Structure formats: C-alpha cells, structure tokens
Amino acid sequence: MSCAICEIRKEKRFCPAVHGRICPQCCGEQREVTLACPSDCPYLQQAREHEKPRPADQFDSASLFLQVEVSDQFTYEHEHLLMGLSYALAQAAHAERTLNDRDLINAVSAMCARYERLVNSGLHYDEPLASPAQHAVAAEVDEMLKQYRNAEEKQLGYSRLRDSDALKALVFLVRLGHGRTSGRPKSRAFIDFLFAQFPEKQSAVISPQDAGSRIIVP
C-alpha cells in the first residue's frame, strides 16, 4: 500500500497524527510541521533523542530579549519563583491541549514586552495576543505572580518581588522555551519538558517556611 500522505512511496510505519500508515520520508519531513504529532509517538521520541541543538543563526536576537540580563545569581535566588511560573505554564498547557510551543512562547514573550515597558517607562499596556489560548496562558502566569506577591505579603508584611524581577523571570522562561523547542510550527517539545517536570496530577502549595515562594509537591 502507498503512503497516506504522498500516495507515492510505500508505507512503512503507522502515524497516529493521520491515523494511517505513511512512509519514513513523509514522517521526517512533515513531523511537527503539518502533522500534530502526539507526544507518545515512538518516531517523534526517537527523533528528539537524536536532534541536535538549533544553531545560533536560527534565533532572532530580539526574541531572546538579550538586553535583559538574567544572571546565575538571579536564578539561584529566585528558584521558587521560576518553579512557580514554570508550573503555571504547565497548568495552562494541561488545560488547553491545542497549545503548542510557539503559542506558549509567544504568550510569555508578550508578557516580557509588557513588563519591560512597565519597568522602563511605568506604562501599563498589554500586548495583543493571537488567540484565546494565549490569553489563557497569560492569565495563568498573572495569577501565579499575584499569588506569589500575596504570599510574600502574608509572610513578611510586604512583597519583595519587583517588576524588574518578574521581567527577568519571564525572560528566563522565554529563553528556556526557545532552547527546548524544535522550532517547527507544531512542536510541543517545550510543553512536554514542562509536563515531565509537573505531571497533571501534581498540585501547588504555598510553603510558609519559604517566605512566600510557591513550591511544587506531588
């Protein structure tokens, strides 16, 4: 029988994205491009194991917010904030299964632009988002930041989290996302990375001992 995609070459493997059998060439060329490959596809998993990191010239420097310095000391001191925000992204992706890496990264990038404007000029302006799903991501992240600040106020009597710290944390996540995704239009490699860190049945709790940080526990 012929491939369900090209209808020319001989089919050799089952593709769960098309619910049919396809040839290896179409699998390689269309994977996460036109095909929304499920995370448990063995051919997708095998490809990720052998995939090389994307070269630097594939990245738009503006998309990485290189003007924002995120030091190793910052990531160490704000580990719980970064964990909480990563959890928020995982929760958003669990709630909306149509999200892909590009949606997630674009939503966080828009928040970076908003916070950068706030830090530099004091202006509040929300960047337009392309879809309701991206709005849901931004709302989840905003809620996490709100809870983080509320927990600090409850523990300390005031919130130590500055807008500039929130900006750095969001930029860290954008860079992490770009580093984890394959860059293909339908890639979910970054989302699967988040799911591995925060399975769907995990919950988030506030730990008083950690000065208002949000800790993820099973």
# chains A, B, ... in the order shown; residues from 1 in each chain; ligands from 1

$ residues_around --residues "Asp163 in chain A" --least-positions-apart "4" --cutoff "8 Å" --atoms "only C-alpha atoms" --output "VMD selection string"
chain A and resid 115 118 to 119 167

$ select_by_dssp --residues "chain A" --states "strand (DSSP E or B)" --output "VMD selection string"
chain A and resid 2 10 13 to 15 20 to 22 31 35 203 to 206 214 to 217

$ residues_around --residues "Arg114 in chain A" --least-positions-apart "3" --cutoff "10 Å" --atoms "only C-alpha atoms" --output "count of residues only"
13

$ atom_distance --atom1 "CA of Lys168 in chain A" --atom2 "CA of Arg149 in chain A"
15.7 Å

$ residues_around --residues "Asp192 in chain A" --least-positions-apart "5" --cutoff "9 Å" --atoms "only C-alpha atoms" --output "PyMOL selection string"
chain A and resi 39+90+197

$ residues_around --residues "Phe14 in chain A" --least-positions-apart "4" --cutoff "10 Å" --atoms "only C-alpha atoms" --output "MDAnalysis selection string"
chainID A and resid 3:4 18:24 27 41 43

$ closest_atom_pairs --of "range 109-144 of chain A" --to "range 56-71 of chain A" --cutoff "9 Å" --atoms "only C-alpha atoms" --output "CSV"
residue,atom,partner,partner_atom,distance
A:Ser109,CA,A:Ser63,CA,7.5
A:Cys112,CA,A:Phe65,CA,8.3
A:Ala113,CA,A:Phe65,CA,8.8
A:Glu116,CA,A:Val68,CA,8.7

$ write_last_selection --atoms "C-alpha atoms" --output "tab-separated table (two decimals), in the first residue's frame"
chain	number	residue	atom	x	y	z
A	109	SER	CA	7.13	36.98	25.15
A	112	CYS	CA	8.03	40.21	28.73
A	113	ALA	CA	7.34	43.16	26.46
A	116	GLU	CA	9.85	45.70	30.07

$ residues_around --residues "Thr75 in chain A" --least-positions-apart "6" --cutoff "10 Å" --atoms "only C-alpha atoms" --output "list in words"
Leu81, Leu82, Lys168, Ala169 and Phe172 of chain A

$ write_last_selection --atoms "all heavy atoms" --output "PDB file, in the first residue's frame"
ATOM      1  N   LEU A  81      10.401  31.204  42.456  1.00  0.00           N
ATOM      2  CA  LEU A  81       9.597  31.988  41.520  1.00  0.00           C
ATOM      3  C   LEU A  81       9.607  31.338  40.141  1.00  0.00           C
ATOM      4  O   LEU A  81       8.555  31.187  39.504  1.00  0.00           O
ATOM      5  CB  LEU A  81      10.133  33.420  41.432  1.00  0.00           C
ATOM      6  CG  LEU A  81       9.509  34.308  40.348  1.00  0.00           C
ATOM      7  CD1 LEU A  81       8.020  34.522  40.601  1.00  0.00           C
ATOM      8  CD2 LEU A  81      10.246  35.649  40.275  1.00  0.00           C
ATOM      9  N   LEU A  82      10.783  30.936  39.686  1.00  0.00           N
ATOM     10  CA  LEU A  82      10.897  30.296  38.378  1.00  0.00           C
ATOM     11  C   LEU A  82      10.139  28.975  38.354  1.00  0.00           C
ATOM     12  O   LEU A  82       9.501  28.621  37.356  1.00  0.00           O
ATOM     13  CB  LEU A  82      12.374  30.074  38.032  1.00  0.00           C
ATOM     14  CG  LEU A  82      13.207  31.348  37.872  1.00  0.00           C
ATOM     15  CD1 LEU A  82      14.686  30.996  37.708  1.00  0.00           C
ATOM     16  CD2 LEU A  82      12.727  32.160  36.674  1.00  0.00           C
ATOM     17  N   LYS A 168      12.738  39.579  34.546  1.00  0.00           N
ATOM     18  CA  LYS A 168      13.862  38.653  34.390  1.00  0.00           C
ATOM     19  C   LYS A 168      13.402  37.200  34.416  1.00  0.00           C
ATOM     20  O   LYS A 168      13.896  36.367  33.641  1.00  0.00           O
ATOM     21  CB  LYS A 168      14.899  38.901  35.485  1.00  0.00           C
ATOM     22  CG  LYS A 168      15.634  40.222  35.364  1.00  0.00           C
ATOM     23  CD  LYS A 168      16.604  40.426  36.524  1.00  0.00           C
ATOM     24  CE  LYS A 168      17.299  41.769  36.425  1.00  0.00           C
ATOM     25  NZ  LYS A 168      18.249  41.991  37.556  1.00  0.00           N
ATOM     26  N   ALA A 169      12.458  36.894  35.296  1.00  0.00           N
ATOM     27  CA  ALA A 169      11.955  35.530  35.389  1.00  0.00           C
ATOM     28  C   ALA A 169      11.241  35.129  34.097  1.00  0.00           C
ATOM     29  O   ALA A 169      11.408  34.006  33.598  1.00  0.00           O
ATOM     30  CB  ALA A 169      11.010  35.397  36.579  1.00  0.00           C
ATOM     31  N   PHE A 172      13.762  34.573  31.370  1.00  0.00           N
ATOM     32  CA  PHE A 172      14.398  33.268  31.574  1.00  0.00           C
ATOM     33  C   PHE A 172      13.545  32.167  30.947  1.00  0.00           C
ATOM     34  O   PHE A 172      14.061  31.268  30.269  1.00  0.00           O
ATOM     35  CB  PHE A 172      14.584  33.013  33.072  1.00  0.00           C
ATOM     36  CG  PHE A 172      15.101  31.638  33.395  1.00  0.00           C
ATOM     37  CD1 PHE A 172      16.468  31.392  33.440  1.00  0.00           C
ATOM     38  CD2 PHE A 172      14.230  30.586  33.647  1.00  0.00           C
ATOM     39  CE1 PHE A 172      16.946  30.112  33.721  1.00  0.00           C
ATOM     40  CE2 PHE A 172      14.698  29.309  33.937  1.00  0.00           C
ATOM     41  CZ  PHE A 172      16.072  29.080  33.972  1.00  0.00           C
TER      42      PHE A 172
END

$ decode --residues "range 21-36 of chain A" --atoms "all heavy atoms" --output "PDB file, in the first residue's frame"
ATOM      1  N   ARG A  21      -0.998   4.745   7.767  1.00  0.00           N
ATOM      2  CA  ARG A  21       0.400   4.365   7.579  1.00  0.00           C
ATOM      3  C   ARG A  21       1.052   5.267   6.537  1.00  0.00           C
ATOM      4  O   ARG A  21       0.453   5.583   5.504  1.00  0.00           O
ATOM      5  CB  ARG A  21       0.499   2.895   7.168  1.00  0.00           C
ATOM      6  CG  ARG A  21      -0.077   1.943   8.240  1.00  0.00           C
ATOM      7  CD  ARG A  21       0.159   0.494   7.888  1.00  0.00           C
ATOM      8  NE  ARG A  21       1.590   0.155   7.880  1.00  0.00           N
ATOM      9  CZ  ARG A  21       2.288  -0.143   8.977  1.00  0.00           C
ATOM     10  NH1 ARG A  21       1.699  -0.143  10.168  1.00  0.00           N
ATOM     11  NH2 ARG A  21       3.563  -0.439   8.892  1.00  0.00           N
ATOM     12  N   ILE A  22       2.275   5.676   6.843  1.00  0.00           N
ATOM     13  CA  ILE A  22       2.992   6.615   5.977  1.00  0.00           C
ATOM     14  C   ILE A  22       4.414   6.119   5.739  1.00  0.00           C
ATOM     15  O   ILE A  22       4.890   5.191   6.390  1.00  0.00           O
ATOM     16  CB  ILE A  22       3.028   8.036   6.576  1.00  0.00           C
ATOM     17  CG1 ILE A  22       3.819   8.047   7.897  1.00  0.00           C
ATOM     18  CG2 ILE A  22       1.607   8.562   6.799  1.00  0.00           C
ATOM     19  CD1 ILE A  22       4.009   9.432   8.495  1.00  0.00           C
ATOM     20  N   CYS A  23       5.104   6.785   4.819  1.00  0.00           N
ATOM     21  CA  CYS A  23       6.488   6.416   4.524  1.00  0.00           C
ATOM     22  C   CYS A  23       7.433   7.194   5.444  1.00  0.00           C
ATOM     23  O   CYS A  23       7.086   8.253   5.968  1.00  0.00           O
ATOM     24  CB  CYS A  23       6.809   6.720   3.059  1.00  0.00           C
ATOM     25  SG  CYS A  23       6.816   8.480   2.628  1.00  0.00           S
ATOM     26  N   PRO A  24       8.651   6.699   5.660  1.00  0.00           N
ATOM     27  CA  PRO A  24       9.609   7.376   6.529  1.00  0.00           C
ATOM     28  C   PRO A  24       9.949   8.797   6.078  1.00  0.00           C
ATOM     29  O   PRO A  24      10.175   9.685   6.904  1.00  0.00           O
ATOM     30  CB  PRO A  24      10.844   6.463   6.474  1.00  0.00           C
ATOM     31  CG  PRO A  24      10.280   5.104   6.167  1.00  0.00           C
ATOM     32  CD  PRO A  24       9.137   5.373   5.232  1.00  0.00           C
ATOM     33  N   GLN A  25       9.984   9.030   4.758  1.00  0.00           N
ATOM     34  CA  GLN A  25      10.335  10.362   4.264  1.00  0.00           C
ATOM     35  C   GLN A  25       9.283  11.390   4.651  1.00  0.00           C
ATOM     36  O   GLN A  25       9.610  12.488   5.123  1.00  0.00           O
ATOM     37  CB  GLN A  25      10.520  10.350   2.745  1.00  0.00           C
ATOM     38  CG  GLN A  25      10.960  11.709   2.192  1.00  0.00           C
ATOM     39  CD  GLN A  25      11.361  11.648   0.736  1.00  0.00           C
ATOM     40  OE1 GLN A  25      11.752  10.591   0.231  1.00  0.00           O
ATOM     41  NE2 GLN A  25      11.268  12.766   0.032  1.00  0.00           N
ATOM     42  N   CYS A  26       8.016  11.057   4.467  1.00  0.00           N
ATOM     43  CA  CYS A  26       6.947  11.986   4.855  1.00  0.00           C
ATOM     44  C   CYS A  26       6.944  12.181   6.365  1.00  0.00           C
ATOM     45  O   CYS A  26       6.690  13.282   6.856  1.00  0.00           O
ATOM     46  CB  CYS A  26       5.586  11.466   4.382  1.00  0.00           C
ATOM     47  SG  CYS A  26       5.276  11.719   2.621  1.00  0.00           S
ATOM     48  N   CYS A  27       7.220  11.112   7.101  1.00  0.00           N
ATOM     49  CA  CYS A  27       7.297  11.212   8.556  1.00  0.00           C
ATOM     50  C   CYS A  27       8.355  12.228   8.958  1.00  0.00           C
ATOM     51  O   CYS A  27       8.115  13.102   9.796  1.00  0.00           O
ATOM     52  CB  CYS A  27       7.615   9.840   9.149  1.00  0.00           C
ATOM     53  SG  CYS A  27       7.795   9.820  10.953  1.00  0.00           S
ATOM     54  N   GLY A  28       9.531  12.131   8.354  1.00  0.00           N
ATOM     55  CA  GLY A  28      10.623  13.046   8.697  1.00  0.00           C
ATOM     56  C   GLY A  28      10.375  14.474   8.241  1.00  0.00           C
ATOM     57  O   GLY A  28      10.671  15.421   8.959  1.00  0.00           O
ATOM     58  N   GLU A  29       9.795  14.638   7.060  1.00  0.00           N
ATOM     59  CA  GLU A  29       9.587  15.976   6.501  1.00  0.00           C
ATOM     60  C   GLU A  29       8.399  16.702   7.119  1.00  0.00           C
ATOM     61  O   GLU A  29       8.440  17.931   7.284  1.00  0.00           O
ATOM     62  CB  GLU A  29       9.396  15.877   4.988  1.00  0.00           C
ATOM     63  CG  GLU A  29      10.640  15.452   4.227  1.00  0.00           C
ATOM     64  CD  GLU A  29      10.387  15.258   2.747  1.00  0.00           C
ATOM     65  OE1 GLU A  29       9.199  15.276   2.331  1.00  0.00           O
ATOM     66  OE2 GLU A  29      11.358  15.090   1.993  1.00  0.00           O
ATOM     67  N   GLN A  30       7.352  15.970   7.464  1.00  0.00           N
ATOM     68  CA  GLN A  30       6.123  16.605   7.940  1.00  0.00           C
ATOM     69  C   GLN A  30       5.968  16.581   9.457  1.00  0.00           C
ATOM     70  O   GLN A  30       5.037  17.182   9.986  1.00  0.00           O
ATOM     71  CB  GLN A  30       4.909  15.934   7.294  1.00  0.00           C
ATOM     72  CG  GLN A  30       4.932  15.915   5.783  1.00  0.00           C
ATOM     73  CD  GLN A  30       5.101  17.309   5.180  1.00  0.00           C
ATOM     74  OE1 GLN A  30       4.530  18.275   5.677  1.00  0.00           O
ATOM     75  NE2 GLN A  30       5.908  17.410   4.150  1.00  0.00           N
ATOM     76  N   ARG A  31       6.880  15.917  10.155  1.00  0.00           N
ATOM     77  CA  ARG A  31       6.795  15.811  11.614  1.00  0.00           C
ATOM     78  C   ARG A  31       6.816  17.192  12.260  1.00  0.00           C
ATOM     79  O   ARG A  31       7.743  17.970  12.062  1.00  0.00           O
ATOM     80  CB  ARG A  31       7.955  14.969  12.135  1.00  0.00           C
ATOM     81  CG  ARG A  31       7.966  14.744  13.638  1.00  0.00           C
ATOM     82  CD  ARG A  31       9.211  14.001  14.085  1.00  0.00           C
ATOM     83  NE  ARG A  31       9.333  12.713  13.418  1.00  0.00           N
ATOM     84  CZ  ARG A  31      10.392  12.342  12.711  1.00  0.00           C
ATOM     85  NH1 ARG A  31      11.425  13.159  12.569  1.00  0.00           N
ATOM     86  NH2 ARG A  31      10.434  11.151  12.132  1.00  0.00           N
ATOM     87  N   GLU A  32       5.766  17.512  13.011  1.00  0.00           N
ATOM     88  CA  GLU A  32       5.610  18.790  13.722  1.00  0.00           C
ATOM     89  C   GLU A  32       5.623  20.003  12.785  1.00  0.00           C
ATOM     90  O   GLU A  32       5.770  21.130  13.229  1.00  0.00           O
ATOM     91  CB  GLU A  32       6.691  18.960  14.792  1.00  0.00           C
ATOM     92  CG  GLU A  32       6.620  17.938  15.906  1.00  0.00           C
ATOM     93  CD  GLU A  32       7.629  18.201  16.995  1.00  0.00           C
ATOM     94  OE1 GLU A  32       8.798  18.495  16.680  1.00  0.00           O
ATOM     95  OE2 GLU A  32       7.249  18.111  18.170  1.00  0.00           O
ATOM     96  N   VAL A  33       5.452  19.754  11.490  1.00  0.00           N
ATOM     97  CA  VAL A  33       5.336  20.844  10.511  1.00  0.00           C
ATOM     98  C   VAL A  33       3.884  20.934  10.067  1.00  0.00           C
ATOM     99  O   VAL A  33       3.184  21.911  10.355  1.00  0.00           O
ATOM    100  CB  VAL A  33       6.280  20.625   9.313  1.00  0.00           C
ATOM    101  CG1 VAL A  33       6.097  21.754   8.287  1.00  0.00           C
ATOM    102  CG2 VAL A  33       7.724  20.564   9.773  1.00  0.00           C
ATOM    103  N   THR A  34       3.417  19.899   9.375  1.00  0.00           N
ATOM    104  CA  THR A  34       1.994  19.808   9.048  1.00  0.00           C
ATOM    105  C   THR A  34       1.282  18.800   9.944  1.00  0.00           C
ATOM    106  O   THR A  34       0.061  18.813  10.037  1.00  0.00           O
ATOM    107  CB  THR A  34       1.798  19.391   7.580  1.00  0.00           C
ATOM    108  OG1 THR A  34       2.358  18.084   7.379  1.00  0.00           O
ATOM    109  CG2 THR A  34       2.470  20.384   6.646  1.00  0.00           C
ATOM    110  N   LEU A  35       2.061  17.937  10.593  1.00  0.00           N
ATOM    111  CA  LEU A  35       1.497  16.896  11.450  1.00  0.00           C
ATOM    112  C   LEU A  35       1.570  17.308  12.920  1.00  0.00           C
ATOM    113  O   LEU A  35       2.641  17.698  13.401  1.00  0.00           O
ATOM    114  CB  LEU A  35       2.248  15.574  11.268  1.00  0.00           C
ATOM    115  CG  LEU A  35       2.218  14.957   9.861  1.00  0.00           C
ATOM    116  CD1 LEU A  35       3.079  13.702   9.832  1.00  0.00           C
ATOM    117  CD2 LEU A  35       0.788  14.644   9.438  1.00  0.00           C
ATOM    118  N   ALA A  36       0.447  17.243  13.618  1.00  0.00           N
ATOM    119  CA  ALA A  36       0.411  17.497  15.056  1.00  0.00           C
ATOM    120  C   ALA A  36       0.725  16.184  15.772  1.00  0.00           C
ATOM    121  O   ALA A  36      -0.169  15.456  16.206  1.00  0.00           O
ATOM    122  CB  ALA A  36      -0.949  18.034  15.474  1.00  0.00           C
TER     123      ALA A  36
END
